[in-house]
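Undergrad: File protein07.txt below, compact mmCIF, C-alpha atoms:
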# COMPACT_ATOMS: atom_id res chain seq x y z
CA MET U 1 -20.86 -5.85 45.27
CA TYR U 2 -21.96 -2.27 44.65
CA ALA U 3 -24.65 -1.37 42.15
CA PRO U 4 -23.34 -0.23 38.75
CA ILE U 5 -22.52 3.48 38.61
CA PHE U 6 -21.95 3.91 34.87
CA THR U 7 -23.82 2.72 31.79
CA PHE U 8 -22.80 1.82 28.25
CA VAL U 9 -24.28 0.69 24.97
CA ALA U 10 -22.54 -1.58 22.46
CA ARG U 11 -23.72 -1.21 18.88
CA ASP U 12 -21.05 -3.00 16.86
CA ASP U 13 -21.67 -6.74 16.86
CA ASN U 14 -18.70 -7.31 14.52
CA SER U 15 -15.99 -5.73 16.66
CA THR U 16 -14.04 -8.36 18.56
CA VAL U 17 -12.03 -5.64 20.31
CA TYR U 18 -15.08 -3.91 21.77
CA ALA U 19 -16.78 -7.19 22.59
CA GLU U 20 -13.80 -7.86 24.87
CA VAL U 21 -13.93 -4.30 26.27
CA SER U 22 -17.63 -4.84 27.08
CA LYS U 23 -16.82 -7.99 29.05
CA ILE U 24 -14.12 -6.20 31.03
CA LEU U 25 -16.46 -3.31 31.92
CA VAL U 26 -19.27 -5.56 33.12
CA ALA U 27 -16.83 -7.66 35.15
CA THR U 28 -15.81 -4.62 37.22
CA GLY U 29 -19.31 -4.39 38.68
CA HIS U 30 -19.36 -0.65 38.05
CA TRP U 31 -20.78 -0.73 34.53
CA LYS U 32 -24.21 -1.77 33.29
CA ARG U 33 -24.90 -2.53 29.64
CA LEU U 34 -28.08 -0.93 28.30
CA LYS U 35 -30.14 -1.76 25.24
CA ARG U 36 -28.48 -0.41 22.13
CA ASP U 37 -31.10 2.30 21.47
CA ASN U 38 -31.13 3.71 25.04
CA PRO U 39 -29.89 7.34 24.88
CA ARG U 40 -29.09 7.60 28.62
CA PHE U 41 -25.59 6.13 28.46
CA ASN U 42 -22.16 7.27 29.61
CA LEU U 43 -20.23 5.29 27.01
CA MET U 44 -21.08 4.27 23.45
CA LEU U 45 -19.12 1.50 21.79
CA GLY U 46 -20.56 2.16 18.37
CA GLU U 47 -20.17 1.24 14.73
CA ARG U 48 -17.51 3.31 13.03
CA ASN U 49 -19.62 4.51 10.10
CA ARG U 50 -23.00 4.77 11.85
CA LEU U 51 -22.39 6.99 14.86
CA PRO U 52 -24.98 9.63 15.85
CA PHE U 53 -22.40 12.32 16.63
CA GLY U 54 -24.98 15.10 16.38
CA ARG U 55 -27.04 13.59 19.19
CA LEU U 56 -24.17 13.00 21.60
CA GLY U 57 -23.60 15.11 24.69
CA HIS U 58 -27.17 16.40 25.03
CA GLU U 59 -28.44 14.16 27.83
CA PRO U 60 -28.79 16.28 31.02
CA GLY U 61 -26.35 15.34 33.74
CA LEU U 62 -24.43 12.81 31.68
CA VAL U 63 -20.86 12.87 30.44
CA GLN U 64 -20.86 10.90 27.19
CA LEU U 65 -17.85 9.21 25.62
CA VAL U 66 -17.74 7.49 22.22
CA ASN U 67 -15.10 5.15 20.77
CA TYR U 68 -14.44 7.06 17.52
CA TYR U 69 -13.35 10.54 16.53
CA ARG U 70 -15.54 12.27 14.00
CA GLY U 71 -13.37 13.11 11.00
CA ALA U 72 -10.68 10.48 11.62
CA ASP U 73 -11.43 9.05 8.18
CA LYS U 74 -9.10 11.77 6.88
CA LEU U 75 -6.41 9.31 7.93
CA CYS U 76 -8.20 6.03 7.43
CA ARG U 77 -9.37 6.20 3.82
CA LYS U 78 -6.50 5.81 1.40
CA ALA U 79 -7.42 8.69 -0.93
CA SER U 80 -8.11 11.02 1.99
CA LEU U 81 -4.76 10.14 3.54
CA VAL U 82 -2.95 10.93 0.29
CA LYS U 83 -4.72 14.30 0.04
CA LEU U 84 -4.02 15.13 3.68
CA ILE U 85 -0.33 14.33 3.32
CA LYS U 86 0.05 16.34 0.12
CA THR U 87 -1.80 19.43 1.34
CA SER U 88 -0.61 19.67 4.97
CA PRO U 89 2.47 21.81 5.63
CA GLU U 90 2.95 19.91 8.89
CA LEU U 91 3.67 16.77 6.88
CA SER U 92 6.23 18.31 4.55
CA ASP U 93 8.74 15.57 5.43
CA SER U 94 6.34 12.82 4.30
CA SER U 95 8.40 12.01 1.21
CA ASN U 96 10.81 10.39 3.66
CA TRP U 97 8.19 7.97 5.01
CA PHE U 98 5.19 7.78 2.65
CA PRO U 99 5.52 6.25 -0.82
CA GLU U 100 4.80 8.53 -3.77
CA SER U 101 1.03 8.32 -4.29
CA TYR U 102 -1.71 9.64 -6.57
CA ILE U 103 -5.50 9.72 -6.34
CA ILE U 104 -7.19 8.33 -9.45
CA TYR U 105 -10.92 8.54 -10.19
CA PRO U 106 -12.51 6.41 -12.95
CA THR U 107 -13.08 8.43 -16.12
CA ASN U 108 -16.84 7.81 -16.03
CA LEU U 109 -17.11 9.95 -12.88
CA ASN U 110 -15.90 13.02 -14.82
CA THR U 111 -13.73 14.20 -11.93
CA PRO U 112 -11.66 17.33 -12.62
CA ILE U 113 -8.16 16.29 -13.75
CA ALA U 114 -5.19 18.03 -12.18
CA PRO U 115 -2.61 19.37 -14.65
CA ALA U 116 0.72 17.58 -14.59
CA LYS U 117 2.69 20.64 -13.45
CA ASN U 118 0.37 22.22 -10.89
CA GLY U 119 -1.37 19.28 -9.29
CA ILE U 120 -1.16 20.28 -5.63
CA SER U 121 -2.76 23.70 -6.18
CA HIS U 122 -5.56 22.02 -8.09
CA MET U 123 -6.03 19.53 -5.27
CA LYS U 124 -6.20 22.29 -2.65
CA SER U 125 -8.87 24.22 -4.55
CA ASN U 126 -11.07 21.26 -5.59
CA PRO U 127 -12.90 18.80 -3.32
CA LYS U 128 -12.07 15.97 -5.74
CA THR U 129 -9.06 15.75 -8.03
CA ASP U 130 -8.03 13.05 -10.50
CA GLU U 131 -4.22 12.95 -10.54
CA ARG U 132 -3.73 10.68 -13.55
CA GLU U 133 -1.81 13.30 -15.52
CA VAL U 134 0.49 13.97 -12.58
CA PHE U 135 1.00 10.23 -12.15
CA LEU U 136 1.81 9.71 -15.84
CA ALA U 137 4.38 12.52 -15.78
CA SER U 138 6.12 10.93 -12.78
CA TYR U 139 5.86 7.44 -14.26
CA ASN U 140 7.45 8.53 -17.54
CA PHE U 141 10.21 10.43 -15.76
CA LYS U 142 11.11 7.39 -13.65
CA ARG U 143 11.05 5.07 -16.64
CA GLU U 144 13.33 7.35 -18.68
CA SER U 145 15.75 7.81 -15.79
CA GLY U 146 15.97 4.09 -15.10
CA GLU U 147 14.25 4.17 -11.71
CA GLY U 148 11.86 1.46 -10.58
CA THR U 149 8.66 1.34 -12.59
CA VAL U 150 6.48 -0.94 -10.45
CA TRP U 151 3.33 0.69 -9.05
CA ILE U 152 0.41 -0.64 -7.03
CA ALA U 153 -3.24 0.40 -7.39
CA LYS U 154 -5.37 0.10 -4.24
CA SER U 155 -9.07 0.79 -3.76
CA SER U 156 -9.50 3.74 -1.41
CA ALA U 157 -12.09 1.87 0.65
CA GLY U 158 -10.70 -1.63 0.06
CA ALA U 159 -9.63 -4.02 2.79
CA LYS U 160 -8.25 -7.55 3.19
CA GLY U 161 -6.33 -7.37 -0.06
CA ALA U 162 -9.36 -6.61 -2.23
CA GLY U 163 -9.14 -4.14 -5.13
CA ILE U 164 -5.35 -4.37 -5.58
CA PHE U 165 -3.41 -4.52 -8.85
CA ILE U 166 0.38 -4.38 -9.34
CA SER U 167 1.99 -3.56 -12.67
CA HIS U 168 4.92 -2.05 -14.58
CA ASP U 169 2.45 -0.60 -17.12
CA ALA U 170 0.83 2.76 -16.35
CA ASN U 171 -1.92 2.25 -18.90
CA GLN U 172 -2.80 -1.13 -17.39
CA LEU U 173 -3.09 0.46 -13.97
CA LEU U 174 -5.37 3.25 -15.20
CA GLU U 175 -7.49 0.85 -17.25
CA TYR U 176 -7.88 -1.38 -14.19
CA ILE U 177 -9.15 1.55 -12.12
CA ASP U 178 -11.53 2.71 -14.85
CA ASN U 179 -13.00 -0.79 -15.00
CA GLN U 180 -13.41 -0.96 -11.20
CA GLY U 181 -15.58 2.14 -11.18
CA GLN U 182 -14.36 3.57 -7.85
CA VAL U 183 -11.63 5.83 -6.58
CA HIS U 184 -8.21 4.23 -6.15
CA VAL U 185 -4.75 5.27 -5.06
CA ILE U 186 -1.76 4.49 -7.28
CA GLN U 187 1.34 4.22 -5.13
CA LYS U 188 5.00 3.60 -5.89
CA TYR U 189 5.67 -0.01 -5.06
CA LEU U 190 8.51 -0.67 -2.61
CA GLU U 191 10.59 -2.86 -4.88
CA ARG U 192 13.37 -3.53 -2.39
CA PRO U 193 11.72 -4.47 0.90
CA LEU U 194 13.55 -5.95 3.84
CA LEU U 195 12.93 -9.70 3.59
CA LEU U 196 12.65 -12.39 6.24
CA GLU U 197 14.86 -15.46 6.14
CA PRO U 198 14.44 -18.32 5.77
CA GLY U 199 12.16 -18.08 2.80
CA HIS U 200 13.10 -14.67 1.35
CA ARG U 201 9.66 -13.35 2.38
CA LYS U 202 7.89 -10.00 2.64
CA PHE U 203 6.23 -8.70 5.78
CA ASP U 204 4.45 -5.65 7.06
CA ILE U 205 4.15 -4.30 10.61
CA ARG U 206 0.92 -3.55 12.46
CA SER U 207 1.15 -1.15 15.40
CA TRP U 208 -1.82 -0.25 17.58
CA VAL U 209 -2.22 3.35 18.70
CA LEU U 210 -4.78 4.71 21.18
CA VAL U 211 -5.83 8.36 21.29
CA ASP U 212 -7.63 9.30 24.52
CA HIS U 213 -10.24 12.01 25.13
CA GLN U 214 -7.53 14.62 25.80
CA TYR U 215 -5.82 13.66 22.53
CA ASN U 216 -2.88 12.05 24.25
CA ILE U 217 -1.35 9.58 21.78
CA TYR U 218 -0.40 6.18 23.21
CA LEU U 219 1.56 3.46 21.42
CA TYR U 220 0.86 -0.13 22.40
CA GLN U 221 4.13 -1.84 23.36
CA GLU U 222 3.45 -4.97 21.31
CA GLY U 223 3.23 -5.16 17.55
CA VAL U 224 2.96 -7.89 14.99
CA LEU U 225 4.59 -8.68 11.66
CA ARG U 226 2.17 -10.16 9.15
CA THR U 227 4.34 -12.38 7.03
CA SER U 228 4.16 -13.96 3.61
CA SER U 229 4.51 -17.71 3.18
CA GLU U 230 6.02 -17.45 -0.28
CA PRO U 231 9.35 -16.05 -1.53
CA TYR U 232 9.34 -12.50 -2.84
CA ASN U 233 9.49 -12.55 -6.63
CA SER U 234 9.79 -9.16 -8.31
CA SER U 235 9.52 -10.73 -11.77
CA ASP U 236 6.04 -12.17 -11.16
CA LEU U 237 3.70 -9.36 -10.15
CA GLN U 238 0.58 -11.51 -10.48
CA ASP U 239 1.44 -13.86 -7.60
CA MET U 240 -0.40 -12.10 -4.79
CA THR U 241 0.94 -14.49 -2.13
CA SER U 242 4.44 -13.24 -2.95
CA HIS U 243 3.51 -9.56 -2.72
CA LEU U 244 0.60 -9.18 -0.26
CA THR U 245 0.85 -10.18 3.38
CA ASN U 246 -2.86 -9.90 4.24
CA HIS U 247 -3.95 -12.89 6.32
CA CYS U 248 -6.91 -13.67 4.07
CA ILE U 249 -4.70 -13.75 0.95
CA GLN U 250 -2.05 -15.93 2.57
CA LYS U 251 -4.47 -18.32 4.28
CA GLU U 252 -6.61 -18.85 1.21
CA HIS U 253 -3.98 -18.99 -1.53
CA SER U 254 -0.63 -20.09 -0.05
CA HIS U 255 0.10 -23.78 0.41
CA ASN U 256 2.81 -22.80 2.91
CA TYR U 257 0.55 -20.83 5.25
CA GLY U 258 1.85 -21.23 8.81
CA ARG U 259 5.07 -22.95 7.70
CA TYR U 260 7.44 -20.31 9.07
CA GLU U 261 5.36 -18.59 11.78
CA GLU U 262 2.17 -19.78 13.43
CA GLY U 263 -0.68 -17.96 11.73
CA ASN U 264 1.91 -16.06 9.67
CA GLU U 265 2.51 -13.74 12.64
CA MET U 266 5.82 -12.71 14.23
CA PHE U 267 5.66 -10.58 17.36
CA PHE U 268 8.05 -7.81 18.32
CA ASP U 269 10.21 -9.80 20.75
CA GLU U 270 11.04 -12.35 18.06
CA PHE U 271 11.56 -9.63 15.45
CA LYS U 272 13.96 -7.79 17.77
CA ARG U 273 16.04 -10.95 18.14
CA TYR U 274 15.91 -11.56 14.39
CA LEU U 275 17.18 -8.06 13.58
CA LEU U 276 20.03 -8.36 16.06
CA THR U 277 21.18 -11.83 15.08
CA THR U 278 20.68 -11.51 11.31
CA HIS U 279 21.48 -7.84 10.65
CA ASN U 280 23.12 -6.58 13.88
CA VAL U 281 20.40 -3.91 13.99
CA SER U 282 18.61 -2.73 17.13
CA MET U 283 14.88 -2.32 16.68
CA GLU U 284 14.74 0.18 19.57
CA THR U 285 17.18 2.58 17.93
CA THR U 286 16.47 1.95 14.24
CA ILE U 287 12.83 0.98 13.62
CA LEU U 288 10.82 2.23 16.61
CA PRO U 289 11.90 5.90 16.46
CA GLN U 290 10.71 6.04 12.85
CA LEU U 291 7.39 4.44 13.73
CA LYS U 292 6.82 6.88 16.55
CA HIS U 293 7.66 9.92 14.42
CA ILE U 294 5.24 8.88 11.66
CA ILE U 295 2.42 8.07 14.10
CA LYS U 296 2.75 11.33 15.99
CA SER U 297 3.05 13.40 12.80
CA CYS U 298 -0.12 11.97 11.27
CA LEU U 299 -2.30 12.16 14.37
CA SER U 300 -1.07 15.60 15.43
CA CYS U 301 -1.82 16.94 11.96
CA ILE U 302 -5.56 16.30 12.28
CA GLU U 303 -5.91 17.12 15.99
CA PRO U 304 -7.29 20.67 15.43
CA ALA U 305 -9.97 19.28 13.10
CA ILE U 306 -11.20 16.33 15.15
CA SER U 307 -10.41 17.00 18.83
CA THR U 308 -13.49 16.85 21.08
CA LYS U 309 -11.89 18.95 23.82
CA HIS U 310 -14.42 21.78 23.40
CA LEU U 311 -17.45 19.67 22.46
CA SER U 312 -20.33 18.46 24.61
CA TYR U 313 -19.14 14.87 24.32
CA GLN U 314 -15.74 13.20 24.24
CA SER U 315 -14.05 10.66 22.00
CA PHE U 316 -11.26 8.16 22.01
CA GLN U 317 -10.11 5.83 19.23
CA LEU U 318 -7.91 2.85 18.56
CA PHE U 319 -5.95 3.00 15.29
CA GLY U 320 -3.95 0.37 13.43
CA PHE U 321 -0.89 1.77 11.64
CA ASP U 322 0.58 -0.46 8.93
CA PHE U 323 4.23 -0.09 7.93
CA MET U 324 6.82 -1.66 5.68
CA VAL U 325 10.59 -1.62 6.07
CA ASP U 326 12.93 -1.45 3.08
CA GLU U 327 16.33 -3.10 2.73
CA SER U 328 18.05 -0.02 4.18
CA PHE U 329 15.84 -0.26 7.34
CA LYS U 330 13.81 2.77 6.37
CA VAL U 331 10.20 2.65 7.60
CA TRP U 332 7.33 3.51 5.25
CA LEU U 333 3.73 4.14 6.20
CA ILE U 334 1.38 2.04 4.08
CA GLU U 335 -2.06 2.82 5.53
CA ILE U 336 -4.00 3.52 8.70
CA ASN U 337 -6.97 1.48 9.92
CA GLY U 338 -9.62 3.21 12.02
CA ALA U 339 -11.19 0.02 13.39
CA PRO U 340 -8.35 -2.49 13.66
CA ALA U 341 -8.68 -6.08 14.73
CA CYS U 342 -6.09 -7.60 17.02
CA ALA U 343 -3.90 -10.66 17.16
CA GLN U 344 -5.76 -13.26 19.23
CA LYS U 345 -3.20 -13.59 22.03
CA LEU U 346 -3.08 -9.81 22.56
CA TYR U 347 -6.80 -9.23 23.20
CA PRO U 348 -6.78 -9.43 27.03
CA GLU U 349 -3.88 -7.00 27.50
CA LEU U 350 -4.79 -4.59 24.69
CA CYS U 351 -8.46 -4.35 25.67
CA GLN U 352 -7.69 -3.91 29.37
CA GLY U 353 -5.31 -1.16 28.31
CA ILE U 354 -8.12 0.55 26.37
CA VAL U 355 -10.25 0.51 29.51
CA ASP U 356 -7.44 1.87 31.68
CA VAL U 357 -6.25 4.59 29.29
CA ALA U 358 -9.41 5.72 27.53
CA ILE U 359 -12.37 4.92 29.80
CA ASN U 360 -11.25 4.86 33.45
CA THR U 361 -9.62 8.28 33.02
CA VAL U 362 -13.03 9.80 32.18
CA PHE U 363 -15.23 7.76 34.53
CA THR U 364 -13.35 7.40 37.82
CA LEU U 365 -14.66 6.37 41.21
CA ASN U 366 -14.37 7.56 44.79
CA SER U 367 -11.61 5.71 46.60
CA ASP U 368 -14.11 4.08 48.97
CA SER U 369 -15.90 2.53 46.00
CA SER U 370 -12.86 0.75 44.67
CA SER U 371 -13.10 -2.35 46.81
CA SER U 372 -15.60 -4.03 44.48
CA ALA U 373 -13.70 -3.32 41.27
CA SER U 374 -11.65 -5.96 39.53
CA SER U 375 -8.05 -4.87 39.79
CA SER U 376 -6.15 -4.67 36.52
CA PRO U 377 -2.73 -6.26 36.19
CA TYR U 378 -1.92 -3.68 33.50
CA SER U 379 -3.02 -0.48 35.24
CA SER U 380 -0.19 1.67 36.57
CA SER U 381 -2.08 4.92 37.08
CA PRO U 382 -4.29 5.94 40.04
CA GLN U 383 -7.51 4.25 39.01
CA PHE U 384 -9.98 5.71 41.51
CA SER U 385 -10.10 9.35 42.53
CA THR U 386 -13.27 11.40 42.04
CA ILE U 387 -16.28 10.90 39.83
CA THR U 388 -15.82 12.94 36.67
CA THR U 389 -18.74 15.24 35.93
CA ASN U 390 -17.55 17.33 32.97
CA CYS U 391 -14.10 17.76 31.51
CA CYS U 392 -15.08 18.45 27.93
CA SER U 393 -14.02 22.08 27.97
CA SER U 394 -10.90 21.70 30.09
CA PRO U 395 -7.44 22.46 28.67
CA LYS U 396 -5.55 19.51 27.23
CA LEU U 397 -3.99 17.48 30.02
CA ARG U 398 -0.97 15.32 29.39
CA GLY U 399 -1.60 11.76 30.46
CA PRO U 400 0.94 9.63 32.30
CA LEU U 401 3.94 8.52 30.26
CA HIS U 402 3.17 4.83 30.82
CA VAL U 403 -0.17 3.15 31.44
CA GLY U 404 0.19 -0.60 31.48
CA PRO U 405 1.15 -1.70 27.96
CA PHE U 406 0.81 1.80 26.47
CA THR U 407 3.44 4.54 26.21
CA ARG U 408 2.53 8.17 25.52
CA LEU U 409 4.28 9.66 22.50
Render the structure in this file as structure tokens.
TA:
Amino acid sequence: MYAPIFTFVARDDNSTVYAEVSKILVATGHWKRLKRDNPRFNLMLGERNRLPFGRLGHEPGLVQLVNYYRGADKLCRKASLVKLIKTSPELSDSSNWFPESYIIYPTNLNTPIAPAKNGISHMKSNPKTDEREVFLASYNFKRESGEGTVWIAKSSAGAKGAGIFISHDANQLLEYIDNQGQVHVIQKYLERPLLLEPGHRKFDIRSWVLVDHQYNIYLYQEGVLRTSSEPYNSSDLQDMTSHLTNHCIQKEHSHNYGRYEEGNEMFFDEFKRYLLTTHNVSMETTILPQLKHIIKSCLSCIEPAISTKHLSYQSFQLFGFDFMVDESFKVWLIEINGAPACAQKLYPELCQGIVDVAINTVFTLNSDSSSSASSSPYSSSPQFSTITTNCCSSPKLRGPLHVGPFTRL
């Protein structure tokens, strides 16, 4: 066994994904874990909101890689995502895949209110914009024209189903947000979702996406449907188990949790069979192309702002994209998670893929050093070539099309 060549620190005790990545690195024999405050590391597996970006890349002789992109919250906070989508020309087709959405600040924060007829210009010229007047104009138009009037309010920083309210009544929605005291997004509710049978149940789709240090975008081949245990009931908007598929909501409040799928999870292979047998629809030609287009559009839009290609350190990041599918098989982006967890059975493959795609491509070994490394059943790229010394300022290099369970978009 050779002595470790590379070093890493792990600073996020709550991340099950990076706990598994840490185990894989140590098992190779080429990586040594340092104390969390040691600055002489090659790799930092840090906490998403507590990363010392300004201090990275300044250790002489060290290439430093970190597991988050600075500025990726533009995608991962709900209000920021809405603003990005509305103000980015590159996302001009978003009305086809992102539900109509508005940023609402509580009235006690005295945030400038955008006028109903010129909201986007106001948003572009102000760091914060309350879109309640724009929302009310759209709400009233839809009500008068007989369109669906159900909307959902979601806390911008909320997770696990917290801070959510669904209603037909615009004033109720705004009053709810004012009482919560924090920024929310009001979004048009998808009133006609594709439902799973048996049970007439809602679901959403979680896809994992890895962006490497060269900003190659890789889609993980597996995905999971998070399913509801209760029948969808559009006439009862207060029954959260009917409308929200979050695991914590279903597990805590549904008496039928696990009745249809173990852990209320359906994986892609089963979903593919379901679509074919129930609807005569191919997931590969109907659902996946839409997913890929949305993922690539969103991540490419922020690449100029967050890429580390010309910085003194490098980044990679795992994202969780959440989607819904409506009854016409149209895919809608719901939100993007910047620190996603993973279905339990997928951890070994997904985390080994992170090592192969995002870490081994930066820190590679001489071919005569490879004999002591644990071989990966998922790696399909040359794993050991030359030790990388500095590639931060190099032009963007396209990664291989397939690396284990990941496919480059």
Undergrad: Please provide as an NGL selection string all residues within 6 Å of Gly223 of chain U, with the sequence filter that same-chain residues fewer than 4 positions apart are discarded (counting only C-alpha atoms).
TA: :U and (206-207 or 267-268)
Undergrad: Measure the distance from atom CA of Arg33 of chain U to atom CA of Pro4 of chain U in Å and round it to one decimal.
TA: 9.5 Å
Undergrad: Name the residues within 12 Å of (-18.2, 8.6, 30.3), counting all atoms listed in the file in the file's coordinates, and put them as an MDAnalysis selection string.
TA: chainID U and resid 5:9 31 40:45 56:57 59 61:67 213 312:316 355 358:365 387:392
Undergrad: Using all atoms listed in the file, which protein or nucleic acid residues come within 12 Å of Arg77 of chain U? Drop anything in the same chain fewer than 3 positions from it, and give the result as a PDB file with C-alpha atoms, in the frame of the given file.
TA:
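Output contents, as saved in part.pdb:
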ATOM      1  CA  GLY U  71     -13.370  13.110  11.000  1.00  0.00           C
ATOM      2  CA  ALA U  72     -10.680  10.480  11.620  1.00  0.00           C
ATOM      3  CA  ASP U  73     -11.430   9.050   8.180  1.00  0.00           C
ATOM      4  CA  LYS U  74      -9.100  11.770   6.880  1.00  0.00           C
ATOM      5  CA  SER U  80      -8.110  11.020   1.990  1.00  0.00           C
ATOM      6  CA  LEU U  81      -4.760  10.140   3.540  1.00  0.00           C
ATOM      7  CA  VAL U  82      -2.950  10.930   0.290  1.00  0.00           C
ATOM      8  CA  LYS U  83      -4.720  14.300   0.040  1.00  0.00           C
ATOM      9  CA  LEU U  84      -4.020  15.130   3.680  1.00  0.00           C
ATOM     10  CA  ILE U 103      -5.500   9.720  -6.340  1.00  0.00           C
ATOM     11  CA  LYS U 154      -5.370   0.100  -4.240  1.00  0.00           C
ATOM     12  CA  SER U 155      -9.070   0.790  -3.760  1.00  0.00           C
ATOM     13  CA  SER U 156      -9.500   3.740  -1.410  1.00  0.00           C
ATOM     14  CA  ALA U 157     -12.090   1.870   0.650  1.00  0.00           C
ATOM     15  CA  GLY U 158     -10.700  -1.630   0.060  1.00  0.00           C
ATOM     16  CA  ALA U 159      -9.630  -4.020   2.790  1.00  0.00           C
ATOM     17  CA  VAL U 183     -11.630   5.830  -6.580  1.00  0.00           C
ATOM     18  CA  HIS U 184      -8.210   4.230  -6.150  1.00  0.00           C
ATOM     19  CA  VAL U 185      -4.750   5.270  -5.060  1.00  0.00           C
ATOM     20  CA  ILE U 334       1.380   2.040   4.080  1.00  0.00           C
ATOM     21  CA  GLU U 335      -2.060   2.820   5.530  1.00  0.00           C
ATOM     22  CA  ILE U 336      -4.000   3.520   8.700  1.00  0.00           C
ATOM     23  CA  ASN U 337      -6.970   1.480   9.920  1.00  0.00           C
ATOM     24  CA  GLY U 338      -9.620   3.210  12.020  1.00  0.00           C
ATOM     25  CA  ALA U 339     -11.190   0.020  13.390  1.00  0.00           C
TER      26      ALA U 339
END
Undergrad: Can you tell me which residues surround Ser88 of chain U at a distance of at most 10 Å, considering all atoms listed in the file, apart from same-chain residues fewer than 4 positions away, and format the answer as a list in words?
TA: Lys83, Leu84, Ser92, Ser94, Lys124, Cys298, Cys301 and Ile302 of chain U
Undergrad: Residues within 7 Å of segment 282-290 of chain U, please, as a PyMOL selection string. Count only C-alpha atoms; anything in the same chain fewer than 6 positions from it doesn't count.
TA: chain U and resi 272+275-276+331
Undergrad: What's around Pro112 of chain U at 9 Å? Count all atoms listed in the file, leave out sequence neighbours fewer than 6 positions away in its own chain, and write the answer as a tab-separated table (two decimals) with C-alpha atoms, in the frame of the given file.
TA:
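Okay, this is what ended up in out.tsv:
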chain	number	residue	atom	x	y	z
U	122	HIS	CA	-5.56	22.02	-8.09
U	126	ASN	CA	-11.07	21.26	-5.59
U	128	LYS	CA	-12.07	15.97	-5.74
U	129	THR	CA	-9.06	15.75	-8.03
U	130	ASP	CA	-8.03	13.05	-10.50
U	131	GLU	CA	-4.22	12.95	-10.54
Undergrad: Please, what distance in Å, to one decimal, runs between atom CA of Met266 of chain U and atom CA of Phe203 of chain U?
TA: 9.4 Å
Undergrad: Set up a box along x, y and z of the file covering all listed atoms of segment 275-292 of chain U, add 8 Å on every one of the six sides, and write the centre and edge lengths in Å to one decimal, as AutoDock Vina command-line options.
TA:
--center_x 15.0 --center_y -2.5 --center_z 15.1 --size_x 32.3 --size_y 34.7 --size_z 24.9
Undergrad: Any idea what the distance is between atom CA of Thr407 of chain U and atom CA of Asn216 of chain U?
TA: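 If I compute the distance from atom CA of Thr407 of chain U to atom CA of Asn216 of chain U, I get 10.0 Å.
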